[in-house]
Amino acid sequence: MVMKKYLIIILCVFVAITFVKADPIKSKSFYKQKLDDPNATYFTPANFKITADGKTDVSDELQAAINGVKTKNNFGILFIPEGKYLISKTIYIPNSIRLIGYGNNRPLFILAKKSPGFQEPVPSDKGNAKYMFWFTGSIVQNGQPIRDANPGTFYSAFSNCDIKIEDGNPEAVALRTHYAQHSFIAHVDVYAGNGKAGLFEVGNEMEDVRFFGGEYGIYTTKASPGWQFMMIDTYFEGQRKAAIKTREAGLTIVRMNVKNVPRVIDVDSNYFEKIYIEDSQFENVSGPAIITSNENNAFNGIVLRNVDCKNVPVLVSYRMSKTQTNGIAKIYKVKNFVYGLQIDDLGQDAVYKTTQSFQPLNIFPKPAPKDIPDFPEIKTWVNLKTLGAKGDGETDDTKIIQDAIDKYPNIYVPQGWYKVSETIKLKKNTALIGLSPIATQFMLADNTQAFGGFGPPKALLEAPKEGTNILTGIGLNTGIYNTIAVACKWMAGRKSYMNDVKFIGGHGSMTPGPQQPRNANQAGNRQPNRILQGKDSAWDSQYWSLWITDGGGGVFKNIWTANTFSTSGIYVSDTKTPSSIYAMSIEHHVRNEVRFNRVANWKVYAMQLEEESRESSDVLPMEVESCENMLFANFYMFRVIRVNTPSPTGIRTWSSKNIEFLNVHNYAQTKYSATLPLYDINTGIEVRPWEFTRLYISGNATGNKKAESSQAKLLVKGFEFADGITKDSKGNIYFSESRMRRVYKWSVETNALSLVADFPFEPLSLGVDKQDNLLVLFKYYPTPGYMVNGKPETFPLPADADGTSFSGWGNSGFGVWVYSINPDQAEKTIKLLKTAPMGAVNKIHKALYPANRWRDSHDFNTVSLNKPTEMFVAEDGETIIPIVYDLARSNALVEGFPNKIMYATDEYDKRTVSLQVDNKGYLSNLVYFAEKGEFNSCLDKDGNLYIADGEIYVFDKTGKQIKQINVPERPTTISFGGKDGSTLFITTRSALYSLKP
């Protein structure tokens, strides 16, 4: 009996130890002391009517403090002292404002129990929730709509403060963070408790953030404006549904620990996600660790590297096929897992597959050590302004800054614009610490003597060889007219660290005070392109912004380099130092964004390139030359919505080996994405897929065998961007060049090309009616001052434009009309088609719809089945073009015949669907057909569907791929034609080809 009693006691103790959740390790304050900054605001009882006791509601005073910083300075810092701060309503943080806590313990913000508005879902809100802190694009005015943070929300942050949601707030979310560059959450613990989530909507990056409780730690849609999201050193525990619920966020994760959850990542049904996870740990995951959707789709990819798992029976579950990848033991390591479209080497076909390597373990390893250096203790920091620096933008602070560096290792740089006139040279152990790269700048005046004229690169700031330097929270501004300037020459070593540094010039520039007008000379996006218009010689007139060379390296995190006046944003040369880049945004240069030259042993995570329409129309985004042993994970290339010229390639590689690209995203809202994501110079090999999960460059490929073996016959070439293909009843082929406003005909009788029309209207796509009249959809812009019935012509956006971002930022104000011509007498027969109510034609011959739709709000399935109310009616009286907004974006038209199947492309999701056409021309019964698609597809006489998507893929009636046709150039639009209708005609960017399948 005694023994039995002891066994029962031991069992009870074991159960208690097993199931009682231990308290989380207490957070450590990152800034343990107050930092003196005369330009900052301090949220103290001396300045505001508050008590930091966790019982007194500080909501109104906190909002007033935040708005005061914005109103007074336009950007800046609100310091929060150690204490407990009770709030009961949403606190809005406008653009470029940072909340930073300090003290031996982090400040704690507490949402009071049962705070009004936090109990019920908010159906009108995107996240269906109520937020404690909401980052916005501007100050929220009473009674006005809330302007959510967006692609233009920069420099916002929440740092070194913890957040707790008290009970009775089931719809509470701690943070809403849909901001852009230099915005982040760092050194924050979020105790979501019984609330909904820790964070809704991701943006830019986060570091050292821990989530406890909630339905989700994070739930999110895509970041602004579709860029990837960087997470470093994060922790999740005890979420009730999943640590992360996501769609299209581009999750780039390094060192994430997840414990006691049903799921780690849950990808929303029917959405893609690009997931990269490295050096992470999953423990006690009861359900599948990752649930993915959109299988066999080029957008979708999962890459896991060095992920330790304990009690994770199912690693990945595939929602569509209802299959799964199981773990191999109670404890195991995922050494490598790659799921998605993979290219094993240059010249190889892209294949959907899973590559995996697991290893069973006996014990669960310790978490991977972080590679981000710790800051020196604050008590060792010396305040630059107390040493005499003015930071007023006028006084030359060069000597004081350099003297401080020569004397002190750790220097705190309060907010201010510090004018310098010579290179600032760091010592090997110098740490320069600022807290806002827009409010804290080292800057050159224009025409500074030492940085002008002709000469070799001269750095504004220089880090020495083998240094252990830290540079953080400071902007580097080389001005406009300083022709030999380099913002930073970095030769520091592996243990150095650059973080939160903005290379200023052009985009992202701000001036103090909300009422000051922007300086036109500093607003790169408002300047005319000197290449096109012979103006603004300052663009592309300086050396690189960030030059890492001569063995330089380290960790580079949260960097934004968008200085239009520099040659490129970052140039890395002559270094083999193992290094990491986390979340670097490089944008808006004239000729080049990034160069790696003679570089080895670098890992690049979440690098994002963006090309602006005026300055970057001819840019080559990235070059990799004579490099080896490099990794690019979640690499995004984006051409903005205003771009209206084609681009040949996104990346050029030269003589490089052992280079790996993972989860590449190459996109634009217009039809002018970079033609090739990658082109290898010395082999001539093209990488065609715009989206892929893995590309490995071994360095052993020798030539472009696929293109050499192609059976396609070149007919004519010399075009800028040929698309819009259609055919007439005789098999003649027509296509257009939109920007050049030309329409062409390839005659099957003469085997020759003719220019049909070059009218002053931009052709968008082409069709023919039953009588072989050519139908040209075109943009019609109203002429300023031209009156119709006594009123100016206007073209408001229709309701179905809401689901596509193409409708914004300049792609509005025009009408999409249709004219008809006899191709043999175009000038004499041009006639505008009339409109009629949909259904007014009793018997239609065919309906012409957009062959492809770009619907980045993910509403393709519903919009495609809308019932248009109006249509254009062709001269034959039987051919109709239902009026839908997507005609403004489509590259071609697809013919829909009554009571037959029509195939159309969901361009945004890279998917081809089938639709049923009825007697009136309406569409119904949308069915997924193939997880491929770009601009258009066409049927052969046997009912096989040919889809252009980098190459041409052939599918039988069941949706099974039966053939791949390689073509010498990337196809744009395709159509069968010729005398017997069995010749496949292919437009590419520059040429017209034909082949007999």
# chains A, B, ... in the order shown; residues from 1 in each chain; ligands from 1
call {"tool": "closest_atom_pairs", "arguments": {"of": "range 771-818 of chain A", "to": "range 831-852 of chain A", "cutoff": "10 Å", "atoms": "only C-alpha atoms", "output": "Markdown table"}}
result
| residue | atom | partner | partner_atom | distance |
| --- | --- | --- | --- | --- |
| A:Leu775 | CA | A:Leu833 | CA | 8.8 |
| A:Val776 | CA | A:Leu832 | CA | 9.6 |
| A:Leu777 | CA | A:Leu833 | CA | 10.0 |
| A:Trp817 | CA | A:Leu832 | CA | 7.6 |
| A:Val818 | CA | A:Leu833 | CA | 5.7 |
call {"tool": "write_last_selection", "arguments": {"atoms": "C-alpha atoms", "output": "compact mmCIF listing (two decimals), in the first residue's frame"}}
result
# COMPACT_ATOMS: atom_id res chain seq x y z
CA LEU A 775 -11.50 44.72 -84.40
CA VAL A 776 -9.00 46.83 -82.51
CA LEU A 777 -9.48 47.53 -78.82
CA TRP A 817 -13.16 51.53 -77.11
CA VAL A 818 -13.19 49.39 -80.25
call {"tool": "select_by_dssp", "arguments": {"residues": "range 236-445 of chain A", "states": "strand (DSSP E or B)", "output": "PyMOL selection string"}}
result
chain A and resi 236-237+242-246+251-261+265-267+274-285+290-292+301-310+314-318+323-326+331-343+351-360+382-383+392-396+410-412+416-420+424-425+431-433+440-444
call {"tool": "residues_around", "arguments": {"residues": "Pro121 in chain A", "least_positions_apart": "6", "cutoff": "7 Å", "atoms": "only C-alpha atoms", "output": "PyMOL selection string"}}
result
chain A and resi 128-129+171
call {"tool": "closest_residue", "arguments": {"among": "A:Asp189, A:Asp397, A:Asp308, A:Asp349", "to": "Leu361 in chain A", "atoms": "only C-alpha atoms"}}
result
A:Asp308
call {"tool": "atom_distance", "arguments": {"atom1": "CA of Ile265 in chain A", "atom2": "CA of Asp167 in chain A"}}
result
25.5 Å
call {"tool": "residues_around", "arguments": {"residues": "Lys730 in chain A", "least_positions_apart": "4", "cutoff": "12 Å", "atoms": "only C-alpha atoms", "output": "list in words"}}
result
Thr726, Tyr734, Trp746, Ser747, Val748, Glu749, Val768, Lys770, Gln771, Asp772, Phe976, Gly977, Gly978, Lys979, Asp980, Gly981 and Ser982 of chain A
call {"tool": "write_last_selection", "arguments": {"atoms": "N, CA and C atoms", "output": "CSV table (one decimal), in the first residue's frame"}}
result
chain,number,residue,atom,x,y,z
A,726,THR,N,-4.4,37.5,-83.2
A,726,THR,CA,-5.7,37.0,-83.6
A,726,THR,C,-5.5,36.5,-85.1
A,734,TYR,N,-2.8,38.5,-87.2
A,734,TYR,CA,-2.7,39.9,-86.9
A,734,TYR,C,-2.1,40.0,-85.5
A,746,TRP,N,0.3,39.3,-90.9
A,746,TRP,CA,1.1,38.3,-91.6
A,746,TRP,C,0.2,37.5,-92.6
A,747,SER,N,0.5,37.7,-93.9
A,747,SER,CA,-0.3,37.1,-94.9
A,747,SER,C,0.1,35.7,-95.2
A,748,VAL,N,-0.8,34.7,-95.2
A,748,VAL,CA,-0.5,33.3,-95.5
A,748,VAL,C,-0.4,33.1,-97.0
A,749,GLU,N,-0.9,34.1,-97.8
A,749,GLU,CA,-0.8,34.0,-99.2
A,749,GLU,C,0.6,34.4,-99.7
A,768,VAL,N,-11.4,39.5,-84.7
A,768,VAL,CA,-12.1,39.7,-86.0
A,768,VAL,C,-13.5,39.3,-85.9
A,770,LYS,N,-17.2,38.0,-88.0
A,770,LYS,CA,-17.6,36.9,-88.9
A,770,LYS,C,-17.2,37.3,-90.4
A,771,GLN,N,-17.2,38.6,-90.7
A,771,GLN,CA,-16.9,39.1,-92.0
A,771,GLN,C,-15.4,39.4,-92.2
A,772,ASP,N,-14.6,39.1,-91.3
A,772,ASP,CA,-13.1,39.3,-91.3
A,772,ASP,C,-12.8,40.8,-91.2
A,976,PHE,N,-3.4,29.5,-83.5
A,976,PHE,CA,-3.3,28.6,-84.7
A,976,PHE,C,-3.9,29.4,-85.9
A,977,GLY,N,-3.2,29.2,-87.1
A,977,GLY,CA,-3.6,29.9,-88.3
A,977,GLY,C,-3.0,29.2,-89.5
A,978,GLY,N,-2.8,29.9,-90.6
A,978,GLY,CA,-2.4,29.3,-91.8
A,978,GLY,C,-3.5,28.8,-92.6
A,979,LYS,N,-3.2,28.4,-93.8
A,979,LYS,CA,-4.3,28.0,-94.8
A,979,LYS,C,-5.1,26.8,-94.2
A,980,ASP,N,-4.5,25.9,-93.6
A,980,ASP,CA,-5.2,24.7,-93.0
A,980,ASP,C,-5.5,24.9,-91.5
A,981,GLY,N,-5.2,26.0,-91.0
A,981,GLY,CA,-5.4,26.3,-89.5
A,981,GLY,C,-4.6,25.4,-88.6
A,982,SER,N,-3.6,24.8,-89.0
A,982,SER,CA,-2.8,23.9,-88.2
A,982,SER,C,-1.4,24.4,-87.9
call {"tool": "atom_distance", "arguments": {"atom1": "CA of Thr829 in chain A", "atom2": "CA of Val743 in chain A"}}
result
14.8 Å
call {"tool": "closest_residue", "arguments": {"among": "A:Glu593, A:Thr794, A:Phe184, A:Ile641", "to": "Met622 in chain A", "atoms": "only C-alpha atoms"}}
result
A:Glu593
call {"tool": "closest_residue", "arguments": {"among": "A:Trp544, A:Tyr412, A:Arg853, A:Thr972", "to": "Tyr672 in chain A", "atoms": "only C-alpha atoms"}}
result
A:Thr972
call {"tool": "closest_atom_pairs", "arguments": {"of": "range 652-729 of chain A", "to": "range 235-259 of chain A", "cutoff": "12 Å", "atoms": "only C-alpha atoms", "output": "Markdown table"}}
result
| residue | atom | partner | partner_atom | distance |
| --- | --- | --- | --- | --- |
| A:Leu662 | CA | A:Thr252 | CA | 10.6 |
| A:Asn663 | CA | A:Gly250 | CA | 8.6 |
| A:Val664 | CA | A:Gly250 | CA | 10.0 |
| A:His665 | CA | A:Gly250 | CA | 9.3 |
| A:Thr693 | CA | A:Gly250 | CA | 11.8 |
call {"tool": "residues_around", "arguments": {"residues": "Ser655 in chain A", "least_positions_apart": "3", "cutoff": "10 Å", "atoms": "only C-alpha atoms", "output": "PDB file with C-alpha atoms, in the first residue's frame"}}
result
ATOM      1  CA  ARG A 598      34.120  38.357 -57.249  1.00  0.00           C
ATOM      2  CA  VAL A 624      26.313  38.462 -60.492  1.00  0.00           C
ATOM      3  CA  GLU A 625      29.792  38.064 -61.956  1.00  0.00           C
ATOM      4  CA  SER A 626      32.596  35.660 -61.036  1.00  0.00           C
ATOM      5  CA  CYS A 627      30.836  34.693 -57.798  1.00  0.00           C
ATOM      6  CA  GLU A 628      30.470  31.398 -55.959  1.00  0.00           C
ATOM      7  CA  ASP A 680      23.539  33.811 -68.277  1.00  0.00           C
ATOM      8  CA  ILE A 681      25.866  35.830 -70.485  1.00  0.00           C
ATOM      9  CA  ASN A 682      28.601  33.379 -71.399  1.00  0.00           C
ATOM     10  CA  THR A 683      26.361  30.400 -72.121  1.00  0.00           C
ATOM     11  CA  GLY A 699      28.800  26.631 -63.305  1.00  0.00           C
ATOM     12  CA  ASN A 700      29.035  23.562 -65.569  1.00  0.00           C
TER      13      ASN A 700
END
call {"tool": "atom_distance", "arguments": {"atom1": "CA of Phe778 in chain A", "atom2": "CA of Trp690 in chain A"}}
result
27.3 Å
call {"tool": "closest_residue", "arguments": {"among": "A:Asn925, A:Ser156, A:Asn597, A:Ser820", "to": "Tyr571 in chain A", "atoms": "only C-alpha atoms"}}
result
A:Asn597
call {"tool": "select_by_dssp", "arguments": {"residues": "range 446-667 of chain A", "states": "alpha helix (DSSP H)", "output": "ChimeraX atom specification"}}
result
/A:530-533
call {"tool": "write_last_selection", "arguments": {"atoms": "C-alpha atoms", "output": "PDB file, in the first residue's frame"}}
result
ATOM      1  CA  ARG A 530      17.494  62.974 -68.243  1.00  0.00           C
ATOM      2  CA  ILE A 531      18.058  60.084 -70.666  1.00  0.00           C
ATOM      3  CA  LEU A 532      14.716  60.686 -72.311  1.00  0.00           C
ATOM      4  CA  GLN A 533      14.427  64.441 -72.022  1.00  0.00           C
TER       5      GLN A 533
END
call {"tool": "closest_residue", "arguments": {"among": "A:Thr221, A:Ala633, A:Ser580, A:Phe806", "to": "Val303 in chain A", "atoms": "only C-alpha atoms"}}
result
A:Ala633
call {"tool": "closest_residue", "arguments": {"among": "A:Leu714, A:Leu887, A:Val863, A:Val788", "to": "Gly815 in chain A", "atoms": "only C-alpha atoms"}}
result
A:Leu887
